[in-house]
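Text of final08.tsv, listed as TSV, C-alpha atoms:
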chain	number	residue	atom	x	y	z
I	395	MET	CA	96.38	-86.80	136.15
I	396	GLN	CA	96.32	-83.09	135.30
I	397	ARG	CA	92.54	-83.19	135.70
I	398	VAL	CA	92.92	-84.60	139.21
I	399	VAL	CA	95.39	-81.91	140.22
I	400	SER	CA	93.27	-79.06	138.85
I	401	VAL	CA	90.11	-80.23	140.60
I	402	VAL	CA	91.75	-80.41	144.00
I	403	ALA	CA	93.97	-77.33	143.68
I	404	HIS	CA	91.19	-74.77	144.04
I	405	LEU	CA	90.30	-76.23	147.43
I	406	GLY	CA	93.79	-75.43	148.68
I	407	PHE	CA	95.16	-78.94	148.20
I	408	ARG	CA	97.59	-80.52	145.78
I	409	LEU	CA	97.21	-84.22	145.10
I	410	GLN	CA	100.07	-86.07	143.46
I	411	ALA	CA	99.68	-89.71	142.47
I	412	LEU	CA	103.10	-91.30	142.26
I	413	PRO	CA	103.96	-93.17	139.05
I	414	PRO	CA	103.75	-96.97	139.31
I	415	ALA	CA	106.98	-98.81	139.84
I	416	LEU	CA	109.08	-99.40	136.75
I	417	CYS	CA	107.83	-102.70	135.41
I	418	ARG	CA	109.52	-105.39	133.37
I	419	PRO	CA	107.80	-107.14	130.46
I	420	LEU	CA	106.71	-110.74	130.82
I	421	SER	CA	106.49	-113.33	128.09
I	422	CYS	CA	104.11	-116.06	126.92
I	423	ALA	CA	100.88	-116.40	128.89
I	424	GLN	CA	102.01	-113.88	131.51
I	425	ASP	CA	102.63	-110.98	129.11
I	426	VAL	CA	99.72	-109.00	130.61
I	427	LEU	CA	101.27	-109.01	134.10
I	428	ARG	CA	103.69	-106.40	135.39
I	429	ARG	CA	106.64	-107.02	137.71
I	430	THR	CA	107.71	-104.89	140.64
I	431	PRO	CA	111.41	-104.02	141.16
I	432	LEU	CA	111.53	-106.78	143.80
I	433	TYR	CA	110.37	-109.53	141.42
I	434	ASP	CA	113.79	-111.24	141.28
I	435	PHE	CA	114.11	-110.98	145.07
I	436	HIS	CA	110.76	-112.73	145.50
I	437	LEU	CA	111.84	-115.58	143.22
I	438	ALA	CA	115.22	-115.94	144.92
I	439	HIS	CA	113.46	-116.43	148.26
I	440	GLY	CA	111.05	-119.05	147.00
I	441	GLY	CA	108.11	-116.76	146.36
I	442	LYS	CA	105.08	-118.43	144.78
I	443	MET	CA	104.06	-115.86	142.18
I	444	VAL	CA	100.40	-115.29	141.33
I	445	ALA	CA	98.44	-112.70	139.36
I	446	PHE	CA	96.93	-109.83	141.36
I	447	ALA	CA	95.46	-106.61	139.93
I	448	GLY	CA	97.60	-106.94	136.82
I	449	TRP	CA	100.84	-107.65	138.71
I	450	SER	CA	102.89	-110.78	139.38
I	451	LEU	CA	103.20	-110.94	143.17
I	452	PRO	CA	104.23	-113.53	145.80
I	453	VAL	CA	101.38	-115.16	147.70
I	454	GLN	CA	103.72	-117.26	149.86
I	455	TYR	CA	107.42	-117.97	150.38
I	456	ARG	CA	109.18	-121.24	151.21
I	457	ASP	CA	107.95	-121.16	154.79
I	458	SER	CA	104.32	-121.44	155.83
I	459	HIS	CA	102.09	-118.43	156.46
I	460	THR	CA	102.31	-119.13	160.19
I	461	ASP	CA	106.12	-119.18	160.07
I	462	SER	CA	106.15	-115.88	158.17
I	463	HIS	CA	103.73	-114.34	160.66
I	464	LEU	CA	105.78	-115.39	163.68
I	465	HIS	CA	109.01	-114.21	162.04
I	466	THR	CA	107.45	-110.79	161.53
I	467	ARG	CA	106.36	-110.60	165.18
I	468	GLN	CA	109.72	-111.76	166.52
I	469	HIS	CA	111.94	-109.87	164.06
I	470	CYS	CA	110.58	-107.75	161.20
I	471	SER	CA	109.34	-108.00	157.62
I	472	LEU	CA	108.94	-105.69	154.65
I	473	PHE	CA	105.90	-105.51	152.36
I	474	ASP	CA	106.35	-104.69	148.68
I	475	VAL	CA	103.96	-101.81	147.89
I	476	SER	CA	105.37	-101.11	144.43
I	477	HIS	CA	102.13	-102.21	142.77
I	478	MET	CA	99.83	-100.16	145.01
I	479	LEU	CA	98.36	-96.69	144.53
I	480	GLN	CA	100.65	-94.22	146.31
I	481	THR	CA	99.44	-90.65	146.69
I	482	LYS	CA	100.93	-87.51	148.24
I	483	ILE	CA	98.51	-84.86	149.50
I	484	PHE	CA	99.81	-81.32	150.03
I	485	GLY	CA	98.14	-78.19	151.36
I	486	SER	CA	97.42	-76.47	154.67
I	487	ASP	CA	94.08	-78.27	155.02
I	488	ARG	CA	95.33	-81.71	153.99
I	489	VAL	CA	94.50	-83.23	157.39
I	490	LYS	CA	90.96	-81.84	157.28
I	491	LEU	CA	90.54	-83.24	153.78
I	492	MET	CA	91.66	-86.72	154.77
I	493	GLU	CA	89.54	-86.76	157.92
I	494	SER	CA	86.50	-85.99	155.76
I	495	LEU	CA	87.24	-89.11	153.69
I	496	VAL	CA	88.50	-91.68	156.18
I	497	VAL	CA	87.64	-93.05	159.59
I	498	GLY	CA	90.74	-92.12	161.58
I	499	ASP	CA	92.33	-89.44	163.73
I	500	ILE	CA	94.85	-88.13	161.20
I	501	ALA	CA	95.46	-84.92	163.17
I	502	GLU	CA	96.96	-86.89	166.07
I	503	LEU	CA	99.57	-88.70	163.96
I	504	ARG	CA	103.12	-87.84	164.92
I	505	PRO	CA	105.63	-86.96	162.18
I	506	ASN	CA	106.33	-90.08	160.08
I	507	GLN	CA	103.64	-92.06	161.90
I	508	GLY	CA	101.06	-93.95	159.86
I	509	THR	CA	97.70	-95.55	160.58
I	510	LEU	CA	95.47	-98.12	158.91
I	511	SER	CA	92.13	-96.54	158.07
I	512	LEU	CA	89.12	-96.78	155.77
I	513	PHE	CA	87.74	-94.81	152.84
I	514	THR	CA	84.02	-94.23	153.39
I	515	ASN	CA	81.15	-92.95	151.29
I	516	GLU	CA	78.66	-90.24	152.20
I	517	ALA	CA	76.53	-92.73	154.17
I	518	GLY	CA	79.54	-93.95	156.17
I	519	GLY	CA	79.81	-97.22	154.23
I	520	ILE	CA	83.23	-98.73	153.63
I	521	LEU	CA	84.77	-98.39	150.15
I	522	ASP	CA	88.38	-99.44	150.71
I	523	ASP	CA	91.10	-99.71	153.32
I	524	LEU	CA	94.34	-97.71	153.16
I	525	ILE	CA	97.35	-96.49	155.15
I	526	VAL	CA	97.82	-92.77	155.82
I	527	THR	CA	101.22	-91.47	156.97
I	528	ASN	CA	101.87	-87.96	158.28
I	529	THR	CA	105.32	-87.31	156.83
I	530	SER	CA	107.83	-84.86	158.24
I	531	GLU	CA	108.12	-83.35	154.74
I	532	GLY	CA	104.84	-81.42	154.83
I	533	HIS	CA	102.46	-83.86	153.13
I	534	LEU	CA	100.33	-86.91	153.76
I	535	TYR	CA	101.46	-90.14	152.12
I	536	VAL	CA	98.58	-92.48	151.28
I	537	VAL	CA	98.93	-96.12	150.17
I	538	SER	CA	95.76	-97.86	148.95
I	539	ASN	CA	94.87	-100.99	147.06
I	540	ALA	CA	96.04	-101.64	143.52
I	541	GLY	CA	92.66	-103.13	142.62
I	542	CYS	CA	90.90	-99.86	143.55
I	543	TRP	CA	93.25	-97.45	141.74
I	544	GLU	CA	90.69	-95.52	139.71
I	545	LYS	CA	88.00	-95.58	142.40
I	546	ASP	CA	90.30	-94.26	145.11
I	547	LEU	CA	91.67	-91.46	142.93
I	548	ALA	CA	88.15	-90.40	142.00
I	549	LEU	CA	87.14	-90.42	145.66
I	550	MET	CA	89.93	-87.97	146.58
I	551	GLN	CA	88.49	-85.52	144.06
I	552	ASP	CA	85.09	-85.29	145.77
I	553	LYS	CA	84.19	-82.34	147.92
I	554	VAL	CA	84.84	-82.44	151.67
I	555	ARG	CA	82.09	-84.49	153.30
I	556	GLU	CA	80.67	-84.77	156.79
I	557	LEU	CA	81.60	-89.01	157.50
I	558	GLN	CA	82.67	-88.94	161.47
I	559	ASN	CA	79.48	-89.77	163.39
I	560	GLN	CA	78.41	-92.60	161.11
I	561	GLY	CA	80.41	-95.26	162.90
I	562	ARG	CA	83.82	-96.39	164.06
I	563	ASP	CA	86.40	-98.94	163.04
I	564	VAL	CA	87.06	-101.41	165.88
I	565	GLY	CA	88.96	-104.59	166.60
I	566	LEU	CA	86.96	-107.73	167.33
I	567	GLU	CA	87.95	-111.01	168.97
I	568	VAL	CA	85.71	-113.99	168.22
I	569	LEU	CA	85.11	-115.98	171.38
I	570	ASP	CA	85.15	-119.41	169.76
I	571	ASN	CA	87.12	-121.03	166.99
I	572	ALA	CA	85.49	-119.46	163.94
I	573	LEU	CA	86.27	-116.79	161.40
I	574	LEU	CA	84.25	-113.59	161.64
I	575	ALA	CA	81.65	-112.32	159.22
I	576	LEU	CA	79.90	-109.29	160.70
I	577	GLN	CA	76.87	-109.25	158.39
I	578	GLY	CA	78.86	-107.69	155.57
I	579	THR	CA	80.42	-104.92	157.67
I	580	VAL	CA	83.64	-106.65	158.62
I	581	THR	CA	86.71	-105.25	156.85
I	582	SER	CA	89.10	-108.13	157.49
I	583	GLY	CA	89.36	-111.25	159.62
I	584	CYS	CA	91.81	-114.10	160.10
I	585	PRO	CA	93.37	-116.41	162.69
I	586	SER	CA	96.07	-114.83	164.86
I	587	PRO	CA	99.00	-117.25	165.30
I	588	SER	CA	100.38	-115.05	168.08
I	589	LEU	CA	97.14	-114.92	170.10
I	590	LYS	CA	95.91	-118.38	169.04
I	591	LYS	CA	92.42	-117.03	168.38
I	592	ASN	CA	90.50	-115.43	165.54
I	593	VAL	CA	90.49	-111.65	165.21
I	594	ALA	CA	88.91	-109.17	162.83
I	595	MET	CA	88.24	-105.51	162.16
I	596	GLY	CA	84.63	-104.42	161.89
I	597	TYR	CA	82.61	-101.26	161.39
I	598	VAL	CA	80.07	-100.65	164.18
I	599	PRO	CA	77.96	-97.70	165.43
I	600	CYS	CA	79.78	-95.47	167.91
I	601	GLU	CA	77.68	-96.62	170.85
I	602	TYR	CA	79.02	-100.17	170.39
I	603	SER	CA	82.69	-99.23	169.88
I	604	ARG	CA	83.90	-99.18	173.50
I	605	PRO	CA	86.50	-101.92	174.25
I	606	GLY	CA	84.93	-104.78	176.17
I	607	THR	CA	81.52	-104.40	174.48
I	608	MET	CA	79.99	-107.77	173.66
I	609	LEU	CA	78.56	-108.14	170.15
I	610	LEU	CA	76.47	-110.84	168.54
I	611	VAL	CA	77.88	-111.54	165.08
I	612	GLU	CA	77.02	-113.90	162.28
I	613	VAL	CA	79.63	-116.54	161.37
I	614	ARG	CA	78.72	-118.77	158.45
I	615	ARG	CA	75.00	-118.28	159.15
I	616	LYS	CA	75.43	-118.99	162.86
I	617	GLN	CA	75.40	-116.39	165.61
I	618	GLN	CA	78.57	-116.13	167.71
I	619	MET	CA	79.75	-113.85	170.49
I	620	ALA	CA	82.61	-111.39	169.91
I	621	VAL	CA	84.16	-108.69	172.06
I	622	VAL	CA	85.41	-105.25	170.98
I	623	SER	CA	89.16	-105.02	171.61
I	624	LYS	CA	91.79	-102.33	171.47
I	625	MET	CA	94.19	-102.37	168.54
I	626	PRO	CA	96.80	-103.39	167.79
I	627	PHE	CA	95.80	-106.83	169.03
I	628	VAL	CA	99.47	-107.70	169.69
I	629	PRO	CA	101.60	-104.91	171.24
I	630	THR	CA	104.37	-103.71	168.94
I	631	ASN	CA	108.01	-104.08	169.94
I	632	TYR	CA	109.75	-102.23	167.13
I	633	TYR	CA	111.65	-98.96	167.33
I	634	THR	CA	111.39	-95.81	165.23
I	635	LEU	CA	114.26	-93.49	164.44
I	636	LYS	CA	114.06	-90.01	165.97
Let me see whether you can do it: turn the structure in this file into structure tokens.
Amino acid sequence: MQRVVSVVAHLGFRLQALPPALCRPLSCAQDVLRRTPLYDFHLAHGGKMVAFAGWSLPVQYRDSHTDSHLHTRQHCSLFDVSHMLQTKIFGSDRVKLMESLVVGDIAELRPNQGTLSLFTNEAGGILDDLIVTNTSEGHLYVVSNAGCWEKDLALMQDKVRELQNQGRDVGLEVLDNALLALQGTVTSGCPSPSLKKNVAMGYVPCEYSRPGTMLLVEVRRKQQMAVVSKMPFVPTNYYTLK
């Protein structure tokens, strides 16, 4: 970690990767898996534990995925990020640094507001998704995938790159009952229980990113129509403390 800090420091930044959550040893066949501090909570609520990126994590609780989704929309839910890579980025040019690495308007984030965005390479291709939060404590707080720990840390060490005009991350609604596969450039896709249709996030050239734009996409080797939509797909109804 000292090598990471020293590489970034001369650019006017300070990058601090937070230590992983304190883990508890497992026994028998699961001795290679780590447990988050919420492991006992997951079990107490009927969590079905599976192996993911070296951790024992719940893939489902007693209720169905649809029930969990609707509960989140109608009330609220918490997501355990103890296993994920959590990074703090300090420095006067921290926003400029992040905007050279991700597709997102980090400068417009209000204090303690976060956004889902994407790590991109020099050609504008997608490497990973992540959440960037502009904290009120003078740093950016970045949460990215546990399975991409080393890759994401190495990416933050690279020099500031030019990635903004390569494309844009957009929301897509598939216009028939099929899951979306945008010729390898979709970042995620799933049914929306709230909207009762399939939605996805895809990476398209800027000229096709305007909401309402019709796109021809490939779904399981068949061409389907999709429409670019504003995100979030479902308006939020939660409150933030001021």
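Closest to Lys590 in chain I among I:Thr430, I:Thr460, I:Gln618, I:Asn631 is I:Thr460, based on only C-alpha atoms.
Taking CA of Gly583 in chain I as the reference point, CA of Leu510 in chain I is found at 14.5 Å.
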Query raised in the report: Which distance in Å separates CA of Lys482 in chain I and CA of Thr630 in chain I, to one decimal?
Result: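 Pair CA of Lys482 in chain I / CA of Thr630 in chain I returns 26.5 Å.
You can rank I:Ser538, I:Thr529, I:Ser603, I:Ser586 by their closest distance to His477 in chain I using only C-alpha atoms, and at the top of that list sits I:Ser538.
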Report task. Rounded to one decimal place, report the CA of Gln507 in chain I-CA of Val622 in chain I distance in Å. Result ->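 A separation of 24.3 Å between them.
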Report summary line: If you count only C-alpha atoms, the residue of I:Leu479, I:Gly441, I:Gly596, I:Asp522 closest to Val537 in chain I turns out to be I:Leu479
Which residues are close to Val628 in chain I, i.e. within 9 Å by only C-alpha atoms, leaving aside same-chain residues fewer than 3 positions away? Reply as a tab-separated table (two decimals) with C-alpha atoms, keeping the file's coordinate frame.
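The new file out_4.tsv reads:
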chain	number	residue	atom	x	y	z
I	467	ARG	CA	106.36	-110.60	165.18
I	588	SER	CA	100.38	-115.05	168.08
I	589	LEU	CA	97.14	-114.92	170.10
I	625	MET	CA	94.19	-102.37	168.54
**Report entry** Which of I:Val526, I:Ala594, I:Met608, I:Cys584 sits closest to His463 in chain I [using all atoms listed in the file]
**Finding:**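 Counting all atoms listed in the file, the residue closest to His463 in chain I is I:Cys584.
Considering the residues I:Ala447, I:Leu609, I:Leu432, I:Val426 and counting all atoms listed in the file, Phe473 in chain I has its shortest atom-to-atom contact with I:Leu432.
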